[in-house]
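Everything on this sheet refers to the single structure shown next.
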Amino acid sequence: MNNQQTTERTIIDEVVENLIKRTELLEKEQLVKNEALFAKENETQVLLAAFEDRFGNITIEASKPDMSVVRDELHKGLAGINETLEKWSRPLKKEYHFSLFPEQLRSVEYVRAVLTRVILGVISLVFLIFTYLLMDKHIQ
């Protein structure tokens, strides 16, 4: 049993040693990669600083836009619209309509009510005229 335990211990020791060696190799590779990455980062920063020095002082001035062309085209378009409108015929007369019976309200009750009021209004107007004529003769 003792021999078997030493064999197992030896195998475990070998596995542990291999893991330790691999871990050390991975750490060394990681350090090398980190150093390379740091060097690239420094190069990038140097290039950015050079770019900013070279192009940081550039100012761009835009000229004022020339709106005369747009204004002329707009004026031509509006003139064309005015000419087209002047060519159309225009109605010269105005018509005023007085409707006792609008199209929406053609019920019998509405017609009866309107005709009753119109007839009563005409009768009262005739009565007032005759009353005025009779009173006028008596007053003079």
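In the structure tokens, each chain is lettered A, B, ... as it comes, each chain's residues begin at 1, and ligands are numbered from 1 in order of appearance.
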
>> Write out as a ChimeraX atom specification the set of residues from chain A that DSSP, computed on the backbone, places in helix (DSSP H, G or I).
In response: /A:2-55,68-87,108-139
